[in-house]
Protein chains: 6
Amino acid sequence: MFLHRKVLIRPVNVGTPNARFGQFLLEQFGGATGELTAALQYWVQSFHVEDAGIRDMLQDIAIEEFSHLEMVGKLIAQHTSKLDQTDVYDAPLFKLKGMGPHFLDSQGSAWTAAYINEGGNVVRDLRANIAAEAGARQTYEALIKACDDEGTKETLTHLLTREITHARMFMKALDSMGKLDDPFFGNIPPDETVNLVFNLSHGEDVRGPWNEGPDFEYVNDPHPEGGMPPAPVNADDEHAPKAKRTKR
Amino acid sequence: MFLHRKVLIRPVNVGTPNARFGQFLLEQFGGATGELTAALQYWVQSFHVEDAGIRDMLQDIAIEEFSHLEMVGKLIAQHTSKLDQTDVYDAPLFKLKGMGPHFLDSQGSAWTAAYINEGGNVVRDLRANIAAEAGARQTYEALIKACDDEGTKETLTHLLTREITHARMFMKALDSMGKLDDPFFGNIPPDETVNLVFNLSHGEDVRGPWNEGPDFEYVNDPHPEGGMPPAPVNADDEHAPKAKRTKR
Amino acid sequence: MFLHRKVLIRPVNVGTPNARFGQFLLEQFGGATGELTAALQYWVQSFHVEDAGIRDMLQDIAIEEFSHLEMVGKLIAQHTSKLDQTDVYDAPLFKLKGMGPHFLDSQGSAWTAAYINEGGNVVRDLRANIAAEAGARQTYEALIKACDDEGTKETLTHLLTREITHARMFMKALDSMGKLDDPFFGNIPPDETVNLVFNLSHGEDVRGPWNEGPDFEYVNDPHPEGGMPPAPVNADDEHAPKAKRTKR
Amino acid sequence: MFLHRKVLIRPVNVGTPNARFGQFLLEQFGGATGELTAALQYWVQSFHVEDAGIRDMLQDIAIEEFSHLEMVGKLIAQHTSKLDQTDVYDAPLFKLKGMGPHFLDSQGSAWTAAYINEGGNVVRDLRANIAAEAGARQTYEALIKACDDEGTKETLTHLLTREITHARMFMKALDSMGKLDDPFFGNIPPDETVNLVFNLSHGEDVRGPWNEGPDFEYVNDPHPEGGMPPAPVNADDEHAPKAKRTKR
Amino acid sequence: MFLHRKVLIRPVNVGTPNARFGQFLLEQFGGATGELTAALQYWVQSFHVEDAGIRDMLQDIAIEEFSHLEMVGKLIAQHTSKLDQTDVYDAPLFKLKGMGPHFLDSQGSAWTAAYINEGGNVVRDLRANIAAEAGARQTYEALIKACDDEGTKETLTHLLTREITHARMFMKALDSMGKLDDPFFGNIPPDETVNLVFNLSHGEDVRGPWNEGPDFEYVNDPHPEGGMPPAPVNADDEHAPKAKRTKR
Amino acid sequence: MFLHRKVLIRPVNVGTPNARFGQFLLEQFGGATGELTAALQYWVQSFHVEDAGIRDMLQDIAIEEFSHLEMVGKLIAQHTSKLDQTDVYDAPLFKLKGMGPHFLDSQGSAWTAAYINEGGNVVRDLRANIAAEAGARQTYEALIKACDDEGTKETLTHLLTREITHARMFMKALDSMGKLDDPFFGNIPPDETVNLVFNLSHGEDVRGPWNEGPDFEYVNDPHPEGGMPPAPVNADDEHAPKAKRTKR
């Protein structure tokens with residue numbers, strides 16, 4: 001059951017409203033790396049994760065992300081609050097669609113659940129969440145660098161901070177299962193190629209711990225192991241006109 | 001520069017073609033967790049990653065994923081090769097759109113680049129890749145459990161294996177930067193709340209290393225820190241009809 | 001600020017889990033007429049609606065819709081709880097993507113913010129909300145008719161009921177502004193054609209209060225009022241090959 | 001059966017072509033609130049609405065909306081007719097994709113049928129149409145406010161006017177069924193909660209006719225009625241690594 | 001200006017309604033190769049094509065395609081007219097979304113303007129139209145092969161026939177410009193590589209008129225002509241942790 | 001099996017980096033007419049095309065398109081290489097999402113497989129490919145006209161050239177089957193209307209070889225051949241409120 005209080009989890013104070021910057025902020029409201037993606041991803045995971053502690057954590061963080069979505073929404077509302085004094089060519093998105101936040105990214109693309117990564121296994125979910133946090137943090141850094149307003153910057157720094165906190169929590173949870181540095185999970189044993197690394201892009205190859213021994217066996221010039229299966233026969237094409245061709 | 005050899009990187013042999021299973025396989029051809037997502041994600045990262053070794057790794061793995069996409073495509077082609085003997089109600093997708101693979105998922109939704117997670121920072125990219133590998137592995141496990149055909153199973157097990165290999169490589173790369181178990185990256189210092197954990201979903205709370213000391217300080221009953229900013233004034237609404245209301 | 005309690009706003013009890021029915025329920029979790037659409041639409045409106053009473057109403061209802069989304073999610077979780085005993089051909093979506101809810105509709109299409117209708121004016125918003133409630137109610141009716149499980153039916157009837165309640169609230173709010181039965185809002189005066197109705201689809205025309213006097217003037221055989229502007233000249237096409245043509 | 005005359009239903013005369021304004025106009029050609037959405041929504045409804053009079057009305061209005069789509073298209077064609085004299089940075093969309101209209105919105109997002117709201121019941125359809133008209137009117141107001149060209153303004157005012165006319169027609173049709181101010185439709189009786197209103201967003205609550213008696217019973221501090229169902233058991237997770245956790 | 005007559009351009013008579021087949025038919029109502037795609041593509045081209053004869057042809061065919069869309073819609077309406085007697089598991093799409101057509105394809109994906117191919121040049125447009133007709137014809141063939149109902153088959157055969165007619169018209173139009181068998185158009189001269197063909201997929205190469213002299217010069221083993229530009233330097237990454245690596 | 005060499009198929013040398021132009025270039029990286037569309041479309045066709053020579057051609061060209069995608073990606077990387085010196089309002093897309101290419105078009109819309117046209121028949125596929133090449137060529141022309149940088153222009157001219165080469169190859173292949181100027185393919189015979197052309201858009205009709213004899217029979221004033229089927233009866237609407245209406 002959800003409840004709401006008419007007060008932000010942390011106050012937001014924009015000094016100088018700037019609708020163009022407001023449009024950038026949409027990236028974290030209705031964009032791929034934004035708070036809606038995080039909130040919905042963690043929360044939907046809580047329905048299938050069976051471990052009560054992990055589920056609790058997912059719900060706590062999801063609710064915080066909803067509260068962050070509200071903070072970003074309020075930032076956008078404040079940045080577009082002087083829209084009547086803003087030139088239409090500076091803020092067409094808000095002029096045409098109205099002031100305040102919308103579930104669009106900074107390019108005007110509608111939010112899609114295709115951004116969400118979840119399902120079937122808690123290890124997969126937690127890894128997806130660490131990735132989501134990294135994307136969110138990266139966008140907050142970009143927004144902070146693009147920002148002139150001190151009040152906005154302070155809020156964005158707080159939101160960036162919390163992504164780090166959440167990332168640490170997800171890492172600790174994975175680590176408690178021994179899955180932070182172990183790629184294996186689930187119960188399908190891998191085949192004999194699990195330690196092979198294939199050099200498929202040739203040129204100035206530079207190597208490192210990610211393809212060196214003792215963990216990996218490097219195949220410098222991989223040969224295809226398969227023979228080409230016979231050409232598929234498409235029954236529908238039987239009556240198709242034949243191309244003239246020369247076998248060589 | 002890309003090159004191609006008319007032979008699979010590893011042979012594929014379907015025993016009994018089954019177009020319904022062919023449709024499931026689309027999940028790894030044109031679906032969110034599929035090989036196209038992986039190949040394009042790693043490859044597009046290689047354009048902005050400045051570390052030559054990491055870039056080399058991304059290119060090697062991306063090319064392998066393209067070759068895996070080809071294997072999955074060939075599996076689908078073989079599973080739909082007897083489409084003329086298949087009832088239309090068993091395989092409407094292939095009956096209407098043609099045999100062989102399409103860039104759709106198992107539900108018939110077109111592949112979208114919204115599945116891709118990348119940009120701006122190598123740590124973010126590598127974390128996104130570990131998540132992508134986990135999603136791919138999870139879907140391969142589901143496909144293997146749903147599969148009756150031995151030849152198909154062997155191929156799917158190989159593809160699952162390689163996702164583990166790639167996950168290990170990405171982990172090693174992150175670890176070589178000290179970023180596998182450290183949530184922090186970039187150069188924006190976090191604020192004073194970085195160690196706080198908020199209990200925002202109340203009920204039977206179950207705790208663990210992800211919200212216990214010494215790393216975290218648990219706030220059991222968080223209070224909002226902010227006061228509600230004044231209501232936004234929408235200039236366009238000035239002439240809007242006013243609602244009758246009672247203040248209480 | 002959002003808060004959550006680990007208990008449903010109203011209990012959900014599925015008698016006989018049925019993953020196929022679970023897939024139908026996705027329509028109200030991640031579908032166009034579902035609870036996510038309603039929750040996000042009403043809540044995002046609250047950022048730009050200036051009337052404190054309407055804003056309060058939007059927030060109250062939005063939070064209830066989030067709690068309904070949770071109920072639908074729990075229904076789906078229960079209907080897919082015996083997935084290991086379900087044939088893969090009966091529930092491929094859940095077999096491949098995992099048990100429990102996902103932000104997809106019953107056809108497997110990802111939720112998109114293109115479903116949301118809001119912005120710029122409270123009258124527009126409230127009309128959009130009455131439409132959203134009507135769509136949600138209609139889908140709940142279809143689900144109830146398709147449902148064999150008593151526990152599920154009771155929950156769906158409750159959810160349908162609440163859509164009626166919300167629709168009534170939105171109607172009362174519009175009525176308090178005099179805008180329930182008055183099409184006009186905003187401050188642009190209409191032109192002289194505002195009472196004309198054009199009969200543009202000819203055949204067995206059947207009329208009613210929606211195109212009869214005294215409100216409307218019916219134009220039985222409308223003539224175009226405009227002359228065709230000169231053909232657009234595409235500068236890029238200047239060197240384009242000219243088609244042979246005969247003027248008649 | 002459709003027919004077309006090579007003359008606009010009402011003439012369009014752009015004084016000063018402005019490709020940047022042409023891009024704004026895309027919002028009503030290929031955008032969510034645009035003429036294509038309206039035309040296709042009303043027309044597709046006509047296939048399942050059984051009342052001959054309502055069906056006739058839907059077809060008449062749909063055909064008018066197609067004619068309006070043509071007018072908007074012509075506006076855009078005229079505004080982009082001097083594209084060869086326009087700086088590429090002022091009009092990249094048209095420079096890259098060609099002059100004239102495209103089925104994109106002002107942000108360059110492709111039109112999607114996800115914008116359409118229809119199906120299963122005439123009351124739901126008519127409510128959806130009133131909402132569609134409100135959205136269209138709102139966008140026309142925004143465009144008029146952003147417009148410097150008198151000829152364009154006159155056309156936009158006409159199009160805004162017609163949305164008011166259509167809204168009135170849809171209201172009259174709903175009213176003739178007694179469904180303009182009655183939220184109930186269909187034949188599923190609501191449950192006992194139909195008059196309850198829940199105060200779920202706490203703070204400075206402001207009330208009004210939308211949550212006051214005699215129509216509504218206000219629940220100031222709602223308590224959850226349900227107990228949490230037991231945690232879902234995901235069979236696939238049986239072999240998953242367990243998280244270390246402390247129950248408190 | 002559009003007009004409509006309440007009679008189909010050609011009658012449609014379904015013998016035995018079959019909602020499952022009705023779902024297949026959606027492919028030509030709201031699918032990629034369907035009548036909406038054709039109608040909107042040709043019609044939108046008419047706004048920027050300057051040749052009056054070609055524009056006239058585009059408008060004539062577009063209007064016919066709208067009338068075909070109506071025929072397909074009527075087919076679907078008839079095939080879903082006994083929905084109350086149809087099992088929900090046989091026709092969930094129509095059971096949940098209502099009888100009659102929707103702007104979805106046979107897999108339930110919403111129509112998107114991304115299916116449309118047009119813009120900037122009449123030769124490009126006409127080539128796109130020949131491709132659109134080929135896709136439509138192919139789907140009609142698949143539907144006819146999947147169909148048991150004689151009345152439906154007759155209609156589908158007519159619709160397939162008209163796609164052939166339209167394809168011939170587009171071919172004649174291109175031919176009248178000399179552009180049916182000449183790949184060149186526009187006014188940018190190609191560079192010196194225009195006759196080279198690169199053998200980039202190695203294996204059992206089979207050649208034909210499409211890569212043989214005198215039109216083409218075949219390069220059996222192409223060598224890259226470029227040197228790798230220096231690695232891009234991402235300023236944002238300056239402070240990024242460095243990977244340990246070994247140059248070899 | 002794919003292989004890659006760390007060198008471009010043809011070198012790319014940007015003189016003056018310009019992130020705004022870099023954004024335009026996205027149209028050919030992640031846009032509808034871009035290299036990804038071409039590469040994936042031709043390659044996926046190769047799985048179902050049974051003619052070994054055509055399949056070989058499709059694979060050769062697909063691989064070249066992947067190599068062109070790499071060239072466009074490198075152009076974008078170079079144009080965004082001075083992003084730290086670029087004003088955020090000049091390049092918000094790259095500032096927020098990171099330097100280098102992304103699978104978005106110039107308007108920031110994510111690439112979607114809805115752009116791809118393929119399936120079921122080699123003639124349909126080849127016609128789709130000629131259309132794809134025409135779209136790509138058209139966009140390259142637009143980019144060249146918008147470009148100030150000589151190095152970039154040279155690369156774009158090469159890419160435009162290759163689209164012409166590929167178009168010629170596809171034309172030759174179609175011609176070798178006799179299908180370049182013959183609209184008919186497949187094995188469903190058309191009905192008796194195949195030579196009729198309907199004048200459905202009335203006004204200043206201009207005719208040409210595309211609707212004149214001897215190939216076509218022109219119907220100047222087509223009459224509908226069908227009678228309207230009885231109104232669909234929607235069982236779900238039986239209890240719907242009836243509209244008041246007057247039959248005339």
# chains A, B, ... in the order shown; residues from 1 in each chain; ligands from 1
>>> select_by_dssp(residues="region 34-207 of chain D", states="strand (DSSP E)", output="PyMOL selection string")
chain D and resi 196-198+201-202+206-207
>>> write_last_selection(atoms="all heavy atoms", output="mmCIF file, in the first residue's frame")
data_model
loop_
_atom_site.group_PDB
_atom_site.id
_atom_site.type_symbol
_atom_site.label_atom_id
_atom_site.label_comp_id
_atom_site.auth_asym_id
_atom_site.auth_seq_id
_atom_site.Cartn_x
_atom_site.Cartn_y
_atom_site.Cartn_z
ATOM 1 N N LEU D 196 -16.740 5.744 -1.224
ATOM 2 C CA LEU D 196 -15.631 6.108 -0.329
ATOM 3 C C LEU D 196 -14.555 6.899 -1.074
ATOM 4 O O LEU D 196 -14.236 6.597 -2.221
ATOM 5 C CB LEU D 196 -14.997 4.854 0.266
ATOM 6 C CG LEU D 196 -15.900 3.947 1.099
ATOM 7 C CD1 LEU D 196 -15.084 2.794 1.689
ATOM 8 C CD2 LEU D 196 -16.596 4.736 2.208
ATOM 9 N N VAL D 197 -14.023 7.878 -0.373
ATOM 10 C CA VAL D 197 -12.870 8.606 -0.903
ATOM 11 C C VAL D 197 -11.749 8.489 0.118
ATOM 12 O O VAL D 197 -11.967 8.707 1.305
ATOM 13 C CB VAL D 197 -13.215 10.087 -1.135
ATOM 14 C CG1 VAL D 197 -11.972 10.871 -1.533
ATOM 15 C CG2 VAL D 197 -14.279 10.204 -2.209
ATOM 16 N N PHE D 198 -10.547 8.120 -0.353
ATOM 17 C CA PHE D 198 -9.435 7.872 0.559
ATOM 18 C C PHE D 198 -8.433 9.019 0.529
ATOM 19 O O PHE D 198 -7.932 9.386 -0.542
ATOM 20 C CB PHE D 198 -8.716 6.566 0.187
ATOM 21 C CG PHE D 198 -9.607 5.365 0.232
ATOM 22 C CD1 PHE D 198 -9.761 4.542 -0.886
ATOM 23 C CD2 PHE D 198 -10.307 5.035 1.382
ATOM 24 C CE1 PHE D 198 -10.579 3.425 -0.858
ATOM 25 C CE2 PHE D 198 -11.141 3.906 1.419
ATOM 26 C CZ PHE D 198 -11.272 3.108 0.296
ATOM 27 N N SER D 201 -2.813 11.046 0.269
ATOM 28 C CA SER D 201 -1.726 12.011 0.225
ATOM 29 C C SER D 201 -1.976 13.013 1.355
ATOM 30 O O SER D 201 -2.911 13.809 1.286
ATOM 31 C CB SER D 201 -1.710 12.710 -1.139
ATOM 32 O OG SER D 201 -0.763 13.753 -1.141
ATOM 33 N N HIS D 202 -1.159 12.932 2.380
ATOM 34 C CA HIS D 202 -1.406 13.733 3.577
ATOM 35 C C HIS D 202 -0.623 15.031 3.561
ATOM 36 O O HIS D 202 0.491 15.089 3.072
ATOM 37 C CB HIS D 202 -1.050 12.917 4.823
ATOM 38 C CG HIS D 202 -1.996 11.789 5.071
ATOM 39 N ND1 HIS D 202 -2.053 11.092 6.248
ATOM 40 C CD2 HIS D 202 -2.952 11.248 4.282
ATOM 41 C CE1 HIS D 202 -2.975 10.150 6.164
ATOM 42 N NE2 HIS D 202 -3.538 10.211 4.977
ATOM 43 N N VAL D 206 -7.069 20.072 0.936
ATOM 44 C CA VAL D 206 -8.091 21.052 0.566
ATOM 45 C C VAL D 206 -9.218 20.286 -0.107
ATOM 46 O O VAL D 206 -8.972 19.564 -1.076
ATOM 47 C CB VAL D 206 -7.515 22.094 -0.413
ATOM 48 C CG1 VAL D 206 -8.595 23.105 -0.794
ATOM 49 C CG2 VAL D 206 -6.309 22.789 0.203
ATOM 50 N N ARG D 207 -10.449 20.445 0.427
ATOM 51 C CA ARG D 207 -11.523 19.625 -0.119
ATOM 52 C C ARG D 207 -12.494 20.400 -0.994
ATOM 53 O O ARG D 207 -12.438 21.615 -1.080
ATOM 54 C CB ARG D 207 -12.232 18.911 1.025
ATOM 55 C CG ARG D 207 -11.252 17.909 1.717
ATOM 56 C CD ARG D 207 -11.879 17.161 2.841
ATOM 57 N NE ARG D 207 -13.099 16.469 2.388
ATOM 58 C CZ ARG D 207 -13.937 15.875 3.218
ATOM 59 N NH1 ARG D 207 -13.700 15.898 4.526
ATOM 60 N NH2 ARG D 207 -14.998 15.275 2.761
#
>>> residues_around(residues="Asp191 (chain F)", least_positions_apart="4", cutoff="9 Å", atoms="only C-alpha atoms", output="VMD selection string")
chain E and resid 154 157 to 158 160 to 162
>>> interface_residues(of="chain E", to="chain D", cutoff="7 Å", atoms="only C-alpha atoms", output="MDAnalysis selection string")
chainID E and resid 1:9 44 47:48 63 66:67 77 97:103 110:114 119:120
>>> closest_residue(among="B:Ile61, B:Ala128, B:Gly53, B:Gly208", to="Leu174 (chain A)", atoms="only C-alpha atoms")
B:Gly208
>>> atom_distance(atom1="CA of Tyr218 (chain D)", atom2="CA of Asn199 (chain D)")
7.3 Å
>>> residues_around(residues="Phe21 (chain F)", least_positions_apart="3", cutoff="8 Å", atoms="only C-alpha atoms", output="PyMOL selection string")
chain F and resi 18+24-25+79+147
>>> write_last_selection(atoms="N, CA, C and O atoms", output="mmCIF file, in the first residue's frame")
data_model
loop_
_atom_site.group_PDB
_atom_site.id
_atom_site.type_symbol
_atom_site.label_atom_id
_atom_site.label_comp_id
_atom_site.auth_asym_id
_atom_site.auth_seq_id
_atom_site.Cartn_x
_atom_site.Cartn_y
_atom_site.Cartn_z
ATOM 1 N N ASN F 18 32.447 19.395 -35.163
ATOM 2 C CA ASN F 18 31.248 20.207 -34.979
ATOM 3 C C ASN F 18 30.156 19.298 -34.432
ATOM 4 O O ASN F 18 29.537 18.526 -35.176
ATOM 5 N N PHE F 24 23.415 15.587 -36.626
ATOM 6 C CA PHE F 24 22.770 15.282 -37.911
ATOM 7 C C PHE F 24 23.201 13.900 -38.408
ATOM 8 O O PHE F 24 22.403 13.141 -38.965
ATOM 9 N N LEU F 25 24.493 13.603 -38.211
ATOM 10 C CA LEU F 25 25.024 12.333 -38.711
ATOM 11 C C LEU F 25 24.362 11.122 -38.054
ATOM 12 O O LEU F 25 24.370 10.017 -38.610
ATOM 13 N N HIS F 79 33.528 14.200 -34.676
ATOM 14 C CA HIS F 79 32.793 15.472 -34.573
ATOM 15 C C HIS F 79 32.440 15.821 -33.121
ATOM 16 O O HIS F 79 32.166 16.977 -32.812
ATOM 17 N N CYS F 147 26.796 20.336 -45.055
ATOM 18 C CA CYS F 147 28.133 20.128 -44.477
ATOM 19 C C CYS F 147 29.151 21.145 -44.983
ATOM 20 O O CYS F 147 29.219 21.435 -46.179
#
